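Beneath this line is the structure, given in C-alpha cells, with notes to follow.
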Protein chains: 2
Amino acid sequence: MSKKVVVVGAVAAGPKAACRLKRLRPDWDITMIDQDSLISYGGCGIPYYVSGDVSDESELRETSFHVVRDTDFFLHSKGVRVLTRTRALAIDRGKKTVTVRNLDTEVEQQLSYDYLMLATGARPFELPIPGVKLDGVFAIADLHKAIEIKQRIAEGRVSRAVVIGGGAIGIEMAEALTDLWGVETTLLELAPQLLPKLVDRHFAEMLKNHLVEQKVAVYTSESAVKLLDNGHGCVCGVKTGQRTLEADLVIMAVGVRPRSELARDAGLDVAAWGGIKVNQRLQTSDPFIYAAGDCIAVNHLVTGRETFAPLGSLANREGRVVGDNMAGYPSVFKGVCGSFIMKAFERCIGSTGLTWEAALAEGFDADYALTSPPDRAHFFPGQAVVILQLVFDRRSRRVLGLQAFGMMNDSVSARVDAAAALISQEGTIEDFGLLEMAYAPPFSSAIDSINAAAYMAENMCENRLHRVDHTRFLAWLDDESIEPDWMVLDVRHPLEAAPCIEKFGAHRWVGLEYGQVRQRYQELPTDKTYVIFCNAGTRSYEVQLFLDHIGSYTTMVLCGGTNLISRLKPDWMDGK
Amino acid sequence: MSKKVVVVGAVAAGPKAACRLKRLRPDWDITMIDQDSLISYGGCGIPYYVSGDVSDESELRETSFHVVRDTDFFLHSKGVRVLTRTRALAIDRGKKTVTVRNLDTEVEQQLSYDYLMLATGARPFELPIPGVKLDGVFAIADLHKAIEIKQRIAEGRVSRAVVIGGGAIGIEMAEALTDLWGVETTLLELAPQLLPKLVDRHFAEMLKNHLVEQKVAVYTSESAVKLLDNGHGCVCGVKTGQRTLEADLVIMAVGVRPRSELARDAGLDVAAWGGIKVNQRLQTSDPFIYAAGDCIAVNHLVTGRETFAPLGSLANREGRVVGDNMAGYPSVFKGVCGSFIMKAFERCIGSTGLTWEAALAEGFDADYALTSPPDRAHFFPGQAVVILQLVFDRRSRRVLGLQAFGMMNDSVSARVDAAAALISQEGTIEDFGLLEMAYAPPFSSAIDSINAAAYMAENMCENRLHRVDHTRFLAWLDDESIEPDWMVLDVRHPLEAAPCIEKFGAHRWVGLEYGQVRQRYQELPTDKTYVIFCNAGTRSYEVQLFLDHIGSYTTMVLCGGTNLISRLKPDWMDGK
C-alpha cells in the first residue's frame with residue numbers, strides 16, 4: 001500500500017506536508033524537490049538577519065535544537081528525500097509524472113507520483129522600470145540575496161539605501177538598514193499610505209511618523225521611475241516622479257506573486273491573479289494534486305471570497321492539512337482572517353480581519369470604534385498608550401477586524417490574536433464586549449482595551465456616540481474656514497486646554513473641564529457645533545451623552561483624542 | 001418616568017453599573033452607598049502599591065486622567081450620589097426600601113428604590129486560629145490595610161514576614177515584600193501546591209521553584225496553627241504543624257468569601273457557599289434586585305455549573321450588564337472561562353478554562369498536551385522557553401483549558417486570551433490547530449506554540465503519541481527500582497546526553513541522536529520500555545512514531561523534555 005508522493009517546493013508548506021505525511025505513513029516514498037540549494041528556511045527572518053539581530057544565515061535554516069535543515073537532515077532525520085537545484089518543468093496528469101531538471105547537470109528525469117503537492121511559493125514582483133538589473137539592486141527573493149545584501153553592508157559598501165515598497169518587508173528592511181547599520185535610508189511607497197490594505201490610513205500615518213522620528217525618510221504616493229547607473233553598471237540612485245535619491249543599495253519589496261505557471265500549464269484551475277485554486281482540503285482541481293503556501297488562493301473568513309495570504313505561518317498550517325489528507329485523514333483548512341503583526345523600531349503594529357476601507361469596499365455597513373487606552377493598568381509602571389480600532393458591521397453587529405498600534409511589546413499581539421480567534425467564529429460586538437481577557441495590572445486593564453472598543457462600537461450602533469472623522473478635524477485645525485461653525489469643547493484639565501486655546505484662539509477652542517460640565521454647561525453658546533476633545537475620547541463621550549440629554553447642543557466626539565492627534569500630527573501643537 | 005436606583009457597594013461592579021445607567025438614563029436618580037470611606041479603587045493593584053511600583057494609594061483610586069474617584073467626582077462628573085461610611089442593614093422587598101446606617105453619625109434612614117443593585121463584594125476569610133487579632137497581622141481587606149502595611153515597612157518595622165496563602169494575592173504580596181523591600185519572606189500554603197485550582201500541580205511547582213530562586217521561602221502542605229504574641233500584643237511569629245517562623249508582619253491571604261448576608265436576610269436565593277444566585281441578566285431571584293461582582297455565583301462556560309470568580313475585570317463587565325438591563329436594554333453576561341494571569345518576579349503564569357485535575361473531577365475524559373517551545377521565533381534574540389499545556393476532552397475533542405508559564409512579558413497573555421476567546425465559543429482541538437496567531441519573528445513562531453499544542457492533542461487523541469507522566473518519570477529518576485525495565489532513550493546531541501549517562505548509568509540512560517535513529521535503531525535492545533527524551537518532546541514524538549512503525553519497541557514520550565524537567569527539579573543534574 002506504499003504510495004509515491006512528490007512535493008514541489010521545500011521552504012515552508014512543502015517540508016511541513018512531507019514530514020507530517022512521512023510520520024503518518026512511514027512506509028510511503030516521499031520526494032521533495034526545490035530549485036534552490038538552500039531550503040526550509042525562515043524567510044520572515046531575513047530582515048533580522050540583515051540587521052544583525054540574527055548573526056548567521058544558517059540560524060534561519062536551523063531547527064530549534066540547532067541542526068541545519070539540509071538534504072541530509074531531511075533524509076536521515078525525517079526520512080524524506082530532497083532533490084535541490086532541481087526544477088519541476090511539467091506535470092503529466094494522465095501518467096501522473098513530473099518532469100524535473102537538475103540545474104547543475106541539466107539532466108532531466110520523470111518522477112512518478114500517486115499524490116503530488118505544489119508548494120511553489122511566490123516570487124517577488126519586479127518593477128517594470130529601467131535599471132532593475134543593475135548591480136546593487138535586490139529583491140528579497142531568497143536567502144542568497146539576503147546574504148549578498150548583508151555582505152555589502154558589512155563591507156562598508158552601503159551608505160545610502162532606497163527601499164521601494166512600504167509593505168511589511170520594506171519597512172522591516174528599512175529598520176534593519178537604519179537601526180543597526182546606520183545606513184541613510186529612504187522608503188518609497190506608490191500608494192498614499194504605508195502597509196496598504198493591511199491597516200487603515202490613520203494607522204499607517206502613525207507608523208510613518210514613527211519611522212520618520214527614527215530617521216527613515218518616507219515618501220508615500222511616490223514611485224520609482226528609473227534606477228540610475230553610475231556608468232559602471234552599478235546603481236547610484238533612484239529617480240522618482242518628484243526627486244532623485246542617491247543610493248548605493250536599492251531594495252525592491254513591492255510584493256510577491258504566486259508561482260503558479262506549473263499548475264496553469266498542467267491545466268489546473270488558477271485564479272486570474274495567479275493563485276492556484278484549492279478546496280478546503282487543499283486539493284487543486286485535480287484531486288491527486290494538492291497545493292499550499294504562497295502559491296494558492298485561500299478563503300477569507302470574513303469576506304467569504306478568495307484572497308492571497310503569503311505568510312510562513314499559514315504555509316505551515318496548510319502544509320499539515322495537505323499531509324493529513326494525503327495520508328487519508330480528512331482535514332480542512334477553513335481560511336484566514338488575515339492576521340498581521342510587525343515590529344517597527346520601538347513600535348508594534350498589528351491587524352486582523354478587514355480594515356474599515358476594505359470592509360466598505362466589500363459592501364459592509366462598516367464603521368469603526370477607535371480608542372486610545374493604556375496597554376495595561378493605567379497605574380502600572382511602564383504602561384503606554386495603544387491605539388486600538390475595532391471595525392464592525394452596523395447591521396449585523398459582526399466584528400470585521402481589529403487594528404492596533406502600540407509600543408514594542410506583546411500586548412498588541414494579545415489583542416490581535418484574541419480578536420482573530422473570535423472573528424473566525426463570526427463573533428459579534430457583544431462577544432467582544434464579553435471577551436474574557438486575563439486580568440492583572442501588569443498585563444491589562446480591569447476593562448481591557450478590546451472590551452472598551454466593543455462597548456464603544458455598541459454605543460455607536462445605538463446612536464449614542466456620534467464621532468467626527470479625525471481627517472475632517474485635522475483639516476479644520478489647518479483652516480478654520482472649512483467649518484466656520486465648529487468649536488472645540490476641550491474637557492481636559494484647564495492646564496492642558498490652555499495652550500490649545502492660545503494657539504487656535506478662544507473663538508475656536510473653549511475649555512470646560514469634564515468635572516464641571518454638569519454645573520456650567522449653560523455657559524456654552526448653543527449655536528455652535530462642538531467637537532468634544534479629551535485625551536482618549538472617553539470623557540468626551542460622556543459629555544456628549546449629557547449634552548444630548550440637555551438637548552440644545554450639536555456635538556461630535558473626537559475618538560482617540562490627543563493620544564490619536566499627537567501620533568497623527570506630532571507637530572500639531574508646535575509653534576503658534 | 002424617572003426611577004430611583006440604589007447601588008450597595010462602590011468599588012468595581014457598583015460604580016460601573018451606576019455610571020453606565022446614569023449615561024443611559026440621565027434623569028434617573030442613582031444613589032450608591034459603601035461602608036468604606038475610600039471607594040472605587042483598583043484592589044488588584046494593592047500588591048504593586050505595597051511594593052512601591054505604585055507610589056501613592058491615591059493612584060489606585062484615580063482615573064486614567066488623574067482625577068481621584070471620590071464622592072465629589074461621582075456627583076459632579078458622573079451625576080451619581082454616593083454615601084460613604086454607610087452600611088446597608090436590611091432590604092424590605094415589599095416596600096422596596098433599604099435601611100442604611102451612617103457609621104459615623106449612627107443615623108439610620110430608609111432609601112426607596114425602583115431597582116436595587118447588590119455589589120457587596122467579598123470579604124477575606126479569617127483563619128480560625130489563635131492570634132489573628134494581634135497587631136501586625138493583616139488581611140488584604142481594603143486600601144486602609146494596604147496603607148498600614150506599607151507604612152510599617154517604610155518605617156523599617158518589618159524585617160521578617162510570613163504570608164499565609166499561596167494564591168495569587170499571597171504570591172504577589174510575597175514578591176512585593178521580597179523584591180523591593182528586601183523583607184525576608186515565607187509563604188505558607190495549606191494545599192499541596194501553590195495556586196490551587198488555578199493551575200495544575202506541575203505548573204505550581206515550576207512557579208514555586210522560581211519563588212525559591214528569588215529568595216522566598218515556600219512551604220506547601222503546611223498550615224499556620226497559631227500566631228505568636230511577643231508579650232505586648234504584637235505578632236512575633238507563626239507556628240505551623242512543622243516549624244516556628246519568626247515574623248513581625250503576617251499577611252493572611254487565604255481567599256475571600258462572598259458578602260451575601262444582606263441578600264440572604266432579604267430572602268433572595270443564595271448558594272450554600274455564599275454566592276448570590278443570578279440569571280444571565282444578573283437579576284437575583286427578585287427581578288427588581290440585581291447583583292454583580294465578587295458577591296455572586298456566575299456560570300462557568302466550560303462546566304456549565306456555577307462558580308466563584310472574584311475579579312475586578314469581571315466585576316466591571318458584569319456591572320455594565322446590570323446598568324443595561326436596569327435601563328431597559330436587555331443584555332446578558334454569559335459566564336466565565338476563569339482566565340487568570342499573574343506576574344511573579346521574572347516569570348508570568350496564566351491559565352484559562354479548567355485545569356486537568358478539575359476537568360477530571362468534572363467527569364471529562366480529560367487529557368493534556370504539554371509543550372515547551374520558544375515564546376517567539378527560535379532565532380529571534382531574547383526568545384525564551386514557555387511551558388504550555390492544553391487540556392482537552394478526548395471524546396468530544398473540545399478544548400477545556402490552557403495553562404502557560406513563561407518569562408515576564410505579554411506572550412503568555414496572548415495565548416491565554418486567544419484560548420479564552422475560543423473556549424468561550426466551545427472551540428475544539430481542530431479550531432486551536434487552525435487558530436490564526438499573528439506571525440512575525442519578534443512575536444511568535446511560524447507554528448505558534450498554541451497551534452503546536454493543539455497538534456499534539458490531536459496526535460494524542462489519535463493514539464499516535466503516548467506520553468509518560470512526568471511525576472512517574474521523576475520518581476524513577478530518584479529510585480530506579482520503581483520501574484526496573486525502564487530506560488531513557490536520549491535523542492539529543494551526544495554532548496547533551498553524556499552527563500545524564502554518566503549520572504544515571506548506561507543501564508538506565510542510552511544516547512542515540514535523533515538524526516541517527518533511522519540508521520541505528522537496531523542497536524537498541526527490544527526488552528526495555530523506553531522513555532524518549534529530548535529538549536522539548538518534539539523529536540521524541542517523531543522517534544516514537546518511527547519505532548512504533550518498526551514495531552518491536554515499547555516507548556513513551558516525556559512531553560516537555562529537559563525544558564520541563566529543569567523547571568520542575570532545578571537540581572536534577574547537580575552533583576552525582
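Going by the C-alpha cells order, chains are called A, B, ..., each with residues numbered from 1, while ligands are numbered from 1 in the order shown.
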Interface residues on chain B facing chain A, 6 Å, only C-alpha atoms, written as number ranges by chain: B: 64, 76-77, 312-313, 339-342, 378, 410-411, 414, 417-418, 421-422, 437-438, 440, 446-447, 515
Same residues, N, CA and C atoms, output as a PDB file, in the first residue's frame:
ATOM      1  N   SER B  64      -7.726  57.321  34.603  1.00  0.00           N
ATOM      2  CA  SER B  64      -6.514  57.361  33.775  1.00  0.00           C
ATOM      3  C   SER B  64      -6.119  58.807  33.494  1.00  0.00           C
ATOM      4  N   HIS B  76     -20.223  65.173  40.677  1.00  0.00           N
ATOM      5  CA  HIS B  76     -20.092  66.222  39.663  1.00  0.00           C
ATOM      6  C   HIS B  76     -19.774  65.691  38.277  1.00  0.00           C
ATOM      7  N   SER B  77     -18.958  64.660  38.205  1.00  0.00           N
ATOM      8  CA  SER B  77     -18.587  64.171  36.874  1.00  0.00           C
ATOM      9  C   SER B  77     -19.580  63.150  36.359  1.00  0.00           C
ATOM     10  N   GLY B 312     -11.740  41.907  39.536  1.00  0.00           N
ATOM     11  CA  GLY B 312     -12.172  43.258  39.195  1.00  0.00           C
ATOM     12  C   GLY B 312     -12.602  43.399  37.746  1.00  0.00           C
ATOM     13  N   SER B 313     -11.941  42.663  36.865  1.00  0.00           N
ATOM     14  CA  SER B 313     -12.277  42.769  35.448  1.00  0.00           C
ATOM     15  C   SER B 313     -13.682  42.224  35.180  1.00  0.00           C
ATOM     16  N   SER B 339     -10.345  32.966  33.368  1.00  0.00           N
ATOM     17  CA  SER B 339      -8.990  33.358  32.973  1.00  0.00           C
ATOM     18  C   SER B 339      -8.240  33.960  34.146  1.00  0.00           C
ATOM     19  N   PHE B 340      -6.964  33.684  34.167  1.00  0.00           N
ATOM     20  CA  PHE B 340      -6.131  34.115  35.283  1.00  0.00           C
ATOM     21  C   PHE B 340      -4.732  34.388  34.757  1.00  0.00           C
ATOM     22  N   ILE B 341      -4.103  35.458  35.265  1.00  0.00           N
ATOM     23  CA  ILE B 341      -2.717  35.710  34.880  1.00  0.00           C
ATOM     24  C   ILE B 341      -2.038  36.432  36.019  1.00  0.00           C
ATOM     25  N   MET B 342      -0.753  36.194  36.195  1.00  0.00           N
ATOM     26  CA  MET B 342      -0.030  36.964  37.201  1.00  0.00           C
ATOM     27  C   MET B 342       1.449  37.038  36.885  1.00  0.00           C
ATOM     28  N   HIS B 378      12.533  30.949  17.183  1.00  0.00           N
ATOM     29  CA  HIS B 378      13.662  30.438  17.966  1.00  0.00           C
ATOM     30  C   HIS B 378      14.976  31.101  17.573  1.00  0.00           C
ATOM     31  N   ASP B 410       4.308  39.814  27.706  1.00  0.00           N
ATOM     32  CA  ASP B 410       2.882  39.611  27.418  1.00  0.00           C
ATOM     33  C   ASP B 410       2.604  38.382  26.563  1.00  0.00           C
ATOM     34  N   SER B 411       3.619  37.523  26.353  1.00  0.00           N
ATOM     35  CA  SER B 411       3.370  36.420  25.420  1.00  0.00           C
ATOM     36  C   SER B 411       2.418  35.382  26.015  1.00  0.00           C
ATOM     37  N   ALA B 414      -1.046  36.680  25.511  1.00  0.00           N
ATOM     38  CA  ALA B 414      -1.563  36.497  24.151  1.00  0.00           C
ATOM     39  C   ALA B 414      -2.175  35.112  23.970  1.00  0.00           C
ATOM     40  N   ASP B 417      -5.413  34.678  26.307  1.00  0.00           N
ATOM     41  CA  ASP B 417      -6.565  35.438  25.818  1.00  0.00           C
ATOM     42  C   ASP B 417      -7.151  34.821  24.555  1.00  0.00           C
ATOM     43  N   ALA B 418      -6.297  34.423  23.637  1.00  0.00           N
ATOM     44  CA  ALA B 418      -6.796  33.798  22.409  1.00  0.00           C
ATOM     45  C   ALA B 418      -7.512  32.496  22.750  1.00  0.00           C
ATOM     46  N   ALA B 421     -10.927  33.166  24.206  1.00  0.00           N
ATOM     47  CA  ALA B 421     -11.876  33.548  23.151  1.00  0.00           C
ATOM     48  C   ALA B 421     -12.451  32.302  22.483  1.00  0.00           C
ATOM     49  N   LEU B 422     -11.596  31.337  22.182  1.00  0.00           N
ATOM     50  CA  LEU B 422     -12.076  30.119  21.505  1.00  0.00           C
ATOM     51  C   LEU B 422     -12.822  29.188  22.454  1.00  0.00           C
ATOM     52  N   MET B 437      -2.730  32.855  14.836  1.00  0.00           N
ATOM     53  CA  MET B 437      -1.917  33.745  15.659  1.00  0.00           C
ATOM     54  C   MET B 437      -1.095  34.607  14.698  1.00  0.00           C
ATOM     55  N   ALA B 438      -1.163  35.919  14.913  1.00  0.00           N
ATOM     56  CA  ALA B 438      -0.429  36.829  14.025  1.00  0.00           C
ATOM     57  C   ALA B 438       1.056  36.502  14.109  1.00  0.00           C
ATOM     58  N   ALA B 440       5.073  37.187  13.191  1.00  0.00           N
ATOM     59  CA  ALA B 440       6.326  37.813  12.770  1.00  0.00           C
ATOM     60  C   ALA B 440       7.338  37.341  13.815  1.00  0.00           C
ATOM     61  N   ALA B 446       6.512  30.436  13.452  1.00  0.00           N
ATOM     62  CA  ALA B 446       5.721  30.118  12.258  1.00  0.00           C
ATOM     63  C   ALA B 446       4.639  29.103  12.632  1.00  0.00           C
ATOM     64  N   ILE B 447       5.010  28.153  13.486  1.00  0.00           N
ATOM     65  CA  ILE B 447       3.985  27.293  14.087  1.00  0.00           C
ATOM     66  C   ILE B 447       3.879  27.767  15.527  1.00  0.00           C
ATOM     67  N   GLY B 515      18.982  12.331  14.685  1.00  0.00           N
ATOM     68  CA  GLY B 515      19.288  12.204  13.271  1.00  0.00           C
ATOM     69  C   GLY B 515      19.821  10.821  12.886  1.00  0.00           C
TER      70      GLY B 515
END
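Excluding A:Val158 and any residue on its chain fewer than 4 positions from it, the residues at most 12 Å away by only C-alpha atoms are Gly136, Val137, Glu148, Ile149, Lys150, Gln151, Arg152, Ile153, Ala154, Val162, Leu177, Thr178, Trp181, Gly182, Val183, Glu184, Thr185, Val235, Cys236, Glu246, Ala247, Asp248, Leu249, Val250 and Ile251 of chain A.
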Just list as a PyMOL selection string whatever in stretch 361-447 of chain B DSSP marks as alpha helix (DSSP H). chain B and resi 361+411-424+429-434
Next, the residues of the selection above should be written as a short mmCIF file (atom, residue, chain, number, x, y, z; two decimals), in the first residue's frame with N, CA, C and O atoms.
data_model
loop_
_atom_site.label_atom_id
_atom_site.label_comp_id
_atom_site.auth_asym_id
_atom_site.auth_seq_id
_atom_site.Cartn_x
_atom_site.Cartn_y
_atom_site.Cartn_z
N ALA B 361 -12.12 15.86 37.56
CA ALA B 361 -13.11 15.87 38.64
C ALA B 361 -14.50 16.17 38.11
O ALA B 361 -15.50 15.72 38.67
N SER B 411 3.62 37.52 26.35
CA SER B 411 3.37 36.42 25.42
C SER B 411 2.42 35.38 26.01
O SER B 411 1.63 34.78 25.30
N VAL B 412 2.47 35.19 27.32
CA VAL B 412 1.52 34.26 27.95
C VAL B 412 0.11 34.83 27.83
O VAL B 412 -0.85 34.12 27.49
N SER B 413 0.01 36.11 28.08
CA SER B 413 -1.25 36.82 27.94
C SER B 413 -1.87 36.59 26.56
O SER B 413 -3.06 36.30 26.43
N ALA B 414 -1.05 36.68 25.51
CA ALA B 414 -1.56 36.50 24.15
C ALA B 414 -2.18 35.11 23.97
O ALA B 414 -3.24 34.96 23.38
N ARG B 415 -1.49 34.09 24.50
CA ARG B 415 -2.00 32.72 24.32
C ARG B 415 -3.24 32.48 25.18
O ARG B 415 -4.19 31.84 24.76
N VAL B 416 -3.21 32.96 26.41
CA VAL B 416 -4.34 32.74 27.31
C VAL B 416 -5.59 33.46 26.78
O VAL B 416 -6.69 32.90 26.77
N ASP B 417 -5.41 34.68 26.31
CA ASP B 417 -6.56 35.44 25.82
C ASP B 417 -7.15 34.82 24.55
O ASP B 417 -8.37 34.72 24.41
N ALA B 418 -6.30 34.42 23.64
CA ALA B 418 -6.80 33.80 22.41
C ALA B 418 -7.51 32.50 22.75
O ALA B 418 -8.56 32.18 22.19
N ALA B 419 -6.94 31.75 23.71
CA ALA B 419 -7.57 30.49 24.11
C ALA B 419 -8.92 30.74 24.75
O ALA B 419 -9.91 30.05 24.45
N ALA B 420 -9.01 31.75 25.61
CA ALA B 420 -10.29 32.05 26.26
C ALA B 420 -11.34 32.41 25.22
O ALA B 420 -12.50 32.00 25.32
N ALA B 421 -10.93 33.17 24.21
CA ALA B 421 -11.88 33.55 23.15
C ALA B 421 -12.45 32.30 22.48
O ALA B 421 -13.66 32.18 22.28
N LEU B 422 -11.60 31.34 22.18
CA LEU B 422 -12.08 30.12 21.51
C LEU B 422 -12.82 29.19 22.45
O LEU B 422 -13.80 28.56 22.06
N ILE B 423 -12.35 29.09 23.70
CA ILE B 423 -13.03 28.21 24.66
C ILE B 423 -14.45 28.70 24.91
O ILE B 423 -15.38 27.91 25.02
N SER B 424 -14.62 30.02 24.96
CA SER B 424 -15.96 30.56 25.18
C SER B 424 -16.90 30.21 24.03
O SER B 424 -18.11 30.24 24.17
N ILE B 429 -10.10 21.00 19.47
CA ILE B 429 -8.68 20.87 19.16
C ILE B 429 -8.41 21.35 17.74
O ILE B 429 -7.42 22.04 17.48
N GLU B 430 -9.29 21.00 16.82
CA GLU B 430 -9.10 21.41 15.42
C GLU B 430 -9.14 22.94 15.30
O GLU B 430 -8.35 23.53 14.57
N ASP B 431 -10.06 23.57 16.01
CA ASP B 431 -10.12 25.04 15.99
C ASP B 431 -8.81 25.64 16.51
O ASP B 431 -8.33 26.64 15.99
N PHE B 432 -8.25 25.02 17.53
CA PHE B 432 -6.99 25.53 18.08
C PHE B 432 -5.84 25.28 17.11
O PHE B 432 -4.90 26.07 17.05
N GLY B 433 -5.91 24.19 16.35
CA GLY B 433 -4.88 23.94 15.36
C GLY B 433 -4.89 24.99 14.26
O GLY B 433 -3.85 25.33 13.71
N LEU B 434 -6.07 25.49 13.96
CA LEU B 434 -6.21 26.48 12.88
C LEU B 434 -6.17 27.91 13.39
O LEU B 434 -6.20 28.85 12.59
#
In stretch 250-394 of chain A, DSSP strand (DSSP E) residues written as a count of residues only: 42
Which of A:Gly551, A:Gly14, A:Pro499, A:Pro130 sits closest to A:Thr240 [using only C-alpha atoms]: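 Using only C-alpha atoms, the shortest distance to A:Thr240 belongs to A:Pro130.
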